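Structure first, then comments.
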Amino acid sequence: MAAMLYDQARFRLSGDCTLLVEYGEGIDPVVNEKVRAVTALLRKAALAGVEEIVPAYRSLAIHYDPLTTSPAALAGVLRALETRISTAEAAAFKVVPIPVCYGGAFGPDIGVVAEHAGLTEEEVIVLHSSVDYPIYMIGFTPGFCYLGGLDPRLQTPRRKTPRTNLPAGSVGIAESQTGMYPVDSPGGWQIIGRTPLLLFAPARENPFLYEAGDRIRFVPISEADFRSLYEKEKA
Amino acid sequence: MEAFAVRTSGPMTTVQDLGRRGFLDRGVPLSGALDPFACRAANLLVGNAETEAVLEFTLMGPTLEILSAADIALTGADMGMTVNGGAVPGWRAVRVSPGDIVRIPRAVAGCRAYLAVTGGIDVPPVMGSRSTFVRARIGGVQGRGLVKGDVLRRGERKLSGDLRSFPDAWIPRYAREISLRAIPGPQDDSFRQGSAVFFSAVYEVTTEADRMGYRLRGPAVECDEGVPKSIVTEPTTPGNVQIPADGQPIILLVEQTSGGYAKIATVISPDLSRVAQALPGNTVRFERITVEDAHRLYREQQDLLSRIRQFLQ
């Protein structure tokens with residue numbers, strides 16, 4: 001696995017205000033771990049001119065103010081930071097439980113996933129809810145997680161015809177990915193359940209329940225529990 | 001206080017400011033005025049802070065009934081604004097009174113116009129910004145574009161003693177042939193052959209052009225042999241020129257945070273206003289520049305903004 005890591009970070013210019021830094025090839029937990037570690041150190045360093053840091057699968061983006069710093073200066077700092085990673089502890093993360101009501105009206109495609117896998121719906125639920133999925137990055141829409149770790153048996157192709165409107169909270173599978181829709185949106189994923197939690201609540205003090213690097217654990221709940229949790233969230 | 005009532009809205013009229021910063025790592029795009037220069041100018045003309053919220057119009061504007069005395073200023077695209085039927089030029093402050101009817105019919109030159117009002121458009125900030133982001137239904141008026149019947153409020157601020165106007169020399173001219181300066185990368189190494197095509201071709205702006213991005217049409221840009229067309233999803237930035245499988249470039253803009261296609265080059269931030277003002281059918285060429293030159297141009301634009309601030313104060 002370690003072979004996926006580059007010996008040295010690679011720097012790429014993304015315009016006049018963004019520097020991309022790559023730490024390895026492909027989608028790989030070891031590479032992502034390095035991204036997380038550098039992100040944590042970089043945030044702690046609170047460098048002048050660094051406006052936002054966006055960790056991704058194998059890279060991170062640094063949005064900077066060119067009046068204050070430069071790609072060369074940032075690259076120098078990053079090279080120095082890297083030498084401290086081996087001794088640094090792995091960046092802390094939390095496991096975020098996400099209650100999901102699987103199947104039925106909330107998960108209309110669970111039968112498709114089960115049939116594709118040659119499993120029962122109950123087995124799909126057990127497999128899907130028995131993994132802590134790492135959040136490799138958040139993007140696409142507010143709070144949308146790119147998750148790793150889906151059991152290969154659950155991999156299912158996208159729907160041929162995307163749905164025009166999936167309600168927020170929908171949990172689905174597409175190819176080798178599983179994920180949740182934090183806002184209502186169109187989508188072609190196979191929907192297997194729904195969470196009553198508001199994954200993106202702009203008016204809440206913290207609008208989000210998680211950040212990149214955290215782990216998602218889906219917890220099966222009944223429809224009755226869904227209803228009562230949903231009412232609580234809305235209140 | 002109440003600023004105006006919306007009589008007709010125009011196709012895409014939203015409240016915007018300079019964007020929602022600090023949440024890119026949570027998938028919340030910058031949003032904000034697509035032409036930040038015009039947005040800042042409109043605010044400065046009516047004596048506002050540059051960060052106040054304004055209205056952004058695309059191609060066509062609204063008809064507004066003024067509800068309280070205020071100064072307004074229209075910048076960006078020339079949309080043929082009238083007050084009570086009389087033509088009023090853009091890029092200057094105009095005093096309006098209750099009952100006045102402001103019409104902003106359609107773009108004559110440029111694509112997007114900005115209307116600032118004394119005190120700024122007063123809608124509740126969401127996560128630090130009043131910018132509308134329709135896809136997540138946040139900001140602006142209930143997270144949507146304006147519709148007939150909406151009543152907008154403005155912040156309290158004393159009307160300025162004199163009506164300011166923008167010096168002619170500083171008013172941007174929106175050409176039909178647009179040149180955009182771009183820094184190669186982040187994935188220019190996937191287009192060693194294709195770069196020659198990209199930096200010499202003339203592209204046309206298609207009708208698929210919105211706040212997420214502009215699709216262009218023209219000579220296809222091929223990625224080098226053996227290079228996969230898609231990359232591991234990574235953060236994007238406004239100005240990134242993405243090359244999808246069909247080779248037709250897409251300039252990514254402010255409502256995008258990530259992408260899985262290689263980006264051949266990135267339009268420099270001072271030139272993003274030109275993209276915002278490009279109309280379908282306009283032509284675009286890309287001019288290759290170094291990051292050092294780009295930073296010099298960035299400083300020059302900041303200097304220009306300082307001079308404009310001083311002049312208008």
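Chain labels follow the order of the structure tokens: the first chain is A, the next B, and so on; residue numbering restarts at 1 in every chain, and ligands are counted from 1 in their shown order.
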
Q: Report as a PyMOL selection string: the residues of region 49-226 of chain A with a DSSP assignment of strand (DSSP E), based on the backbone of this structure.
A: chain A and resi 50-55+59-64+95-102+132-138+145-147+163-166+170-174+177-180+185-187+190-194+215-220

Q) What's the 10 Å shell around Arg144 (chain B), counting only C-alpha atoms, without same-chain residues fewer than 6 positions away, as a ChimeraX atom specification? A) /B:12-15,132-138

For chain B, list the residues within 7 Å of chain A, counting only C-alpha atoms, and write the list as an mmCIF file with C-alpha atoms, in the first residue's frame.
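Output file out-v2.cif is given in full below:
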```
data_model
loop_
_atom_site.group_PDB
_atom_site.id
_atom_site.type_symbol
_atom_site.label_atom_id
_atom_site.label_comp_id
_atom_site.auth_asym_id
_atom_site.auth_seq_id
_atom_site.Cartn_x
_atom_site.Cartn_y
_atom_site.Cartn_z
ATOM 1 C CA GLY B 22 -14.696 29.327 4.741
ATOM 2 C CA LEU B 24 -15.142 24.907 0.711
ATOM 3 C CA ASP B 25 -13.968 21.890 2.710
ATOM 4 C CA ARG B 26 -17.645 21.144 3.500
ATOM 5 C CA GLY B 27 -18.720 21.311 -0.129
ATOM 6 C CA VAL B 28 -20.225 24.796 0.075
ATOM 7 C CA VAL B 126 -26.577 32.477 5.937
ATOM 8 C CA MET B 127 -23.189 31.144 7.006
ATOM 9 C CA ALA B 136 -28.784 24.227 -1.702
ATOM 10 C CA ILE B 183 -2.039 29.817 -16.256
ATOM 11 C CA GLY B 185 -2.428 23.630 -14.986
ATOM 12 C CA PRO B 186 -3.246 21.985 -12.713
ATOM 13 C CA VAL B 232 -9.270 11.245 -8.945
ATOM 14 C CA GLU B 234 -10.122 16.916 -6.488
ATOM 15 C CA PRO B 235 -11.033 20.442 -5.360
ATOM 16 C CA ASN B 240 -10.340 26.096 -13.935
ATOM 17 C CA GLN B 256 -18.583 24.303 -8.034
ATOM 18 C CA THR B 257 -16.214 22.811 -5.447
ATOM 19 C CA SER B 258 -14.931 19.552 -6.936
ATOM 20 C CA THR B 266 -6.952 28.237 -15.173
ATOM 21 C CA VAL B 267 -8.243 31.691 -16.077
ATOM 22 C CA ILE B 268 -6.639 34.296 -13.797
ATOM 23 C CA SER B 269 -8.974 35.844 -11.243
ATOM 24 C CA VAL B 291 1.950 32.585 -12.432
ATOM 25 C CA ALA B 294 -0.592 36.592 -13.099
ATOM 26 C CA HIS B 295 0.384 37.806 -9.629
ATOM 27 C CA ARG B 299 -1.593 43.373 -7.750
#
```

(Q) Let's see if you can do this: from backbone DSSP, list all alpha helix (DSSP H) residues in region 72-289 of chain B, as a VMD selection string. (A) chain B and resid 194 to 198 272 to 276

Q | Shell of 12 Å around Leu146 (chain B), only C-alpha atoms, local chain residues under 4 positions omitted, as a list of chain:residue names | A | B:Phe4, B:Ala5, B:Val6, B:Arg7, B:Thr8, B:Ser9, B:Gly10, B:Pro11, B:Met12, B:Thr13, B:Thr14, B:Val15, B:Gln16, B:Leu55, B:Glu56, B:Phe57, B:Gly61, B:Pro62, B:Thr63, B:Leu64, B:Thr132, B:Val134, B:Gly139, B:Gly140, B:Val141, B:Gln142, B:Asp150, B:Val151, B:Leu152

Q: For region 71-81 of chain B, please output as a list of chain:residue names all residues within 6 Å (counting only C-alpha atoms; exclusion window: fewer than 3 positions along the same chain).
A: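 In the requested format, the answer is B:Ala38, B:Ala42, B:Val46, B:Val88, B:Gly90, B:Trp91, B:Arg92, B:Ala93, B:Val94, B:Arg95, B:Arg103, B:Ile104, B:Pro105, B:Arg106, B:Ala107, B:Val108, B:Ala109, B:Gly110, B:Cys111, B:Arg112, B:Ala113, B:Tyr114, B:Leu115, B:Ala116, B:Val117, B:Thr118.
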
Q: Using only C-alpha atoms, determine which residues lie at most 7 Å from Ala201 (chain B), disregarding the query and same-chain residues fewer than 3 positions distant; provide the list as number ranges by chain.
A: B: 197-198, 219, 285

Could the residues in this selection be saved with N, CA and C atoms as an mmCIF file, in the first residue's frame?
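Wrote it out as out.cif, contents follow:
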```cif
data_model
loop_
_atom_site.group_PDB
_atom_site.id
_atom_site.type_symbol
_atom_site.label_atom_id
_atom_site.label_comp_id
_atom_site.auth_asym_id
_atom_site.auth_seq_id
_atom_site.Cartn_x
_atom_site.Cartn_y
_atom_site.Cartn_z
ATOM 1 N N VAL B 197 -3.323 23.307 -29.349
ATOM 2 C CA VAL B 197 -4.673 23.563 -29.870
ATOM 3 C C VAL B 197 -5.381 24.560 -28.959
ATOM 4 N N PHE B 198 -5.372 24.252 -27.664
ATOM 5 C CA PHE B 198 -6.133 25.050 -26.701
ATOM 6 C C PHE B 198 -5.727 26.518 -26.719
ATOM 7 N N PRO B 219 -12.457 23.703 -31.458
ATOM 8 C CA PRO B 219 -11.547 22.577 -31.677
ATOM 9 C C PRO B 219 -11.383 21.736 -30.404
ATOM 10 N N ARG B 285 -10.675 33.376 -26.603
ATOM 11 C CA ARG B 285 -9.329 32.829 -26.836
ATOM 12 C C ARG B 285 -8.592 32.824 -25.505
#
```

**Q.** Surrounding residues of Pro99 (chain A) excluding itself and chain neighbours under 2 positions, 9 Å, only C-alpha atoms, as number ranges by chain
**A.** A: 97, 101, 194-197, 217-221, 226

Could you save the residues just selected, with C-alpha atoms, as an mmCIF file, in the first residue's frame?
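So the final result, stored in out-v9.cif, reads:
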```cif
data_model
loop_
_atom_site.group_PDB
_atom_site.id
_atom_site.type_symbol
_atom_site.label_atom_id
_atom_site.label_comp_id
_atom_site.auth_asym_id
_atom_site.auth_seq_id
_atom_site.Cartn_x
_atom_site.Cartn_y
_atom_site.Cartn_z
ATOM 1 C CA PRO A 97 -23.458 7.445 13.693
ATOM 2 C CA CYS A 101 -34.383 3.531 7.837
ATOM 3 C CA ARG A 194 -32.985 7.469 4.285
ATOM 4 C CA THR A 195 -31.655 9.195 7.386
ATOM 5 C CA PRO A 196 -33.904 11.494 9.407
ATOM 6 C CA LEU A 197 -30.895 13.641 10.349
ATOM 7 C CA ARG A 217 -21.377 4.454 10.637
ATOM 8 C CA PHE A 218 -24.878 3.722 9.375
ATOM 9 C CA VAL A 219 -27.230 2.463 12.098
ATOM 10 C CA PRO A 220 -30.447 0.687 11.011
ATOM 11 C CA ILE A 221 -33.608 2.126 12.582
ATOM 12 C CA PHE A 226 -37.329 7.583 11.741
#
```

I'd like the neighbourhood of Ile264 (chain B) as a PDB file with N, CA and C atoms, in the first residue's frame, where a residue qualifies if any of its atoms comes within 7 Å (using only C-alpha atoms), though same-chain residues fewer than 2 positions away should be ignored.
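Result file follows (around.pdb):
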```
ATOM      1  N   PRO B 184      -1.238  27.707 -17.262  1.00  0.00           N
ATOM      2  CA  PRO B 184      -1.348  26.260 -17.502  1.00  0.00           C
ATOM      3  C   PRO B 184      -1.485  25.516 -16.176  1.00  0.00           C
ATOM      4  N   GLY B 185      -2.268  24.437 -16.190  1.00  0.00           N
ATOM      5  CA  GLY B 185      -2.428  23.630 -14.986  1.00  0.00           C
ATOM      6  C   GLY B 185      -3.800  23.788 -14.370  1.00  0.00           C
ATOM      7  N   PRO B 186      -4.128  22.926 -13.414  1.00  0.00           N
ATOM      8  CA  PRO B 186      -3.246  21.985 -12.713  1.00  0.00           C
ATOM      9  C   PRO B 186      -2.823  20.726 -13.498  1.00  0.00           C
ATOM     10  N   GLN B 187      -3.549  20.320 -14.547  1.00  0.00           N
ATOM     11  CA  GLN B 187      -3.137  19.073 -15.225  1.00  0.00           C
ATOM     12  C   GLN B 187      -2.631  19.329 -16.634  1.00  0.00           C
ATOM     13  N   ASP B 188      -1.878  20.417 -16.843  1.00  0.00           N
ATOM     14  CA  ASP B 188      -1.366  20.697 -18.189  1.00  0.00           C
ATOM     15  C   ASP B 188      -0.465  19.571 -18.693  1.00  0.00           C
ATOM     16  N   PHE B 191      -1.787  17.261 -21.292  1.00  0.00           N
ATOM     17  CA  PHE B 191      -2.150  17.849 -22.587  1.00  0.00           C
ATOM     18  C   PHE B 191      -0.938  18.440 -23.293  1.00  0.00           C
ATOM     19  N   VAL B 241     -10.201  25.420 -16.265  1.00  0.00           N
ATOM     20  CA  VAL B 241     -10.768  25.010 -17.548  1.00  0.00           C
ATOM     21  C   VAL B 241     -10.660  23.495 -17.645  1.00  0.00           C
ATOM     22  N   GLN B 242     -11.808  22.868 -17.487  1.00  0.00           N
ATOM     23  CA  GLN B 242     -11.888  21.418 -17.431  1.00  0.00           C
ATOM     24  C   GLN B 242     -12.091  20.875 -18.845  1.00  0.00           C
ATOM     25  N   ILE B 243     -11.428  19.754 -19.141  1.00  0.00           N
ATOM     26  CA  ILE B 243     -11.597  19.127 -20.458  1.00  0.00           C
ATOM     27  C   ILE B 243     -12.311  17.789 -20.259  1.00  0.00           C
ATOM     28  N   ALA B 262      -9.663  16.329 -15.941  1.00  0.00           N
ATOM     29  CA  ALA B 262      -8.409  17.070 -15.931  1.00  0.00           C
ATOM     30  C   ALA B 262      -8.652  18.511 -16.366  1.00  0.00           C
TER      31      ALA B 262
END
```

(Q) Using only C-alpha atoms, can you tell me which of A:Leu78, A:Pro108, A:Gly193, A:Gly169 comes closest to His128 (chain A)? (A)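 That would be A:Gly193, the residue with the smallest distance to His128 (chain A).
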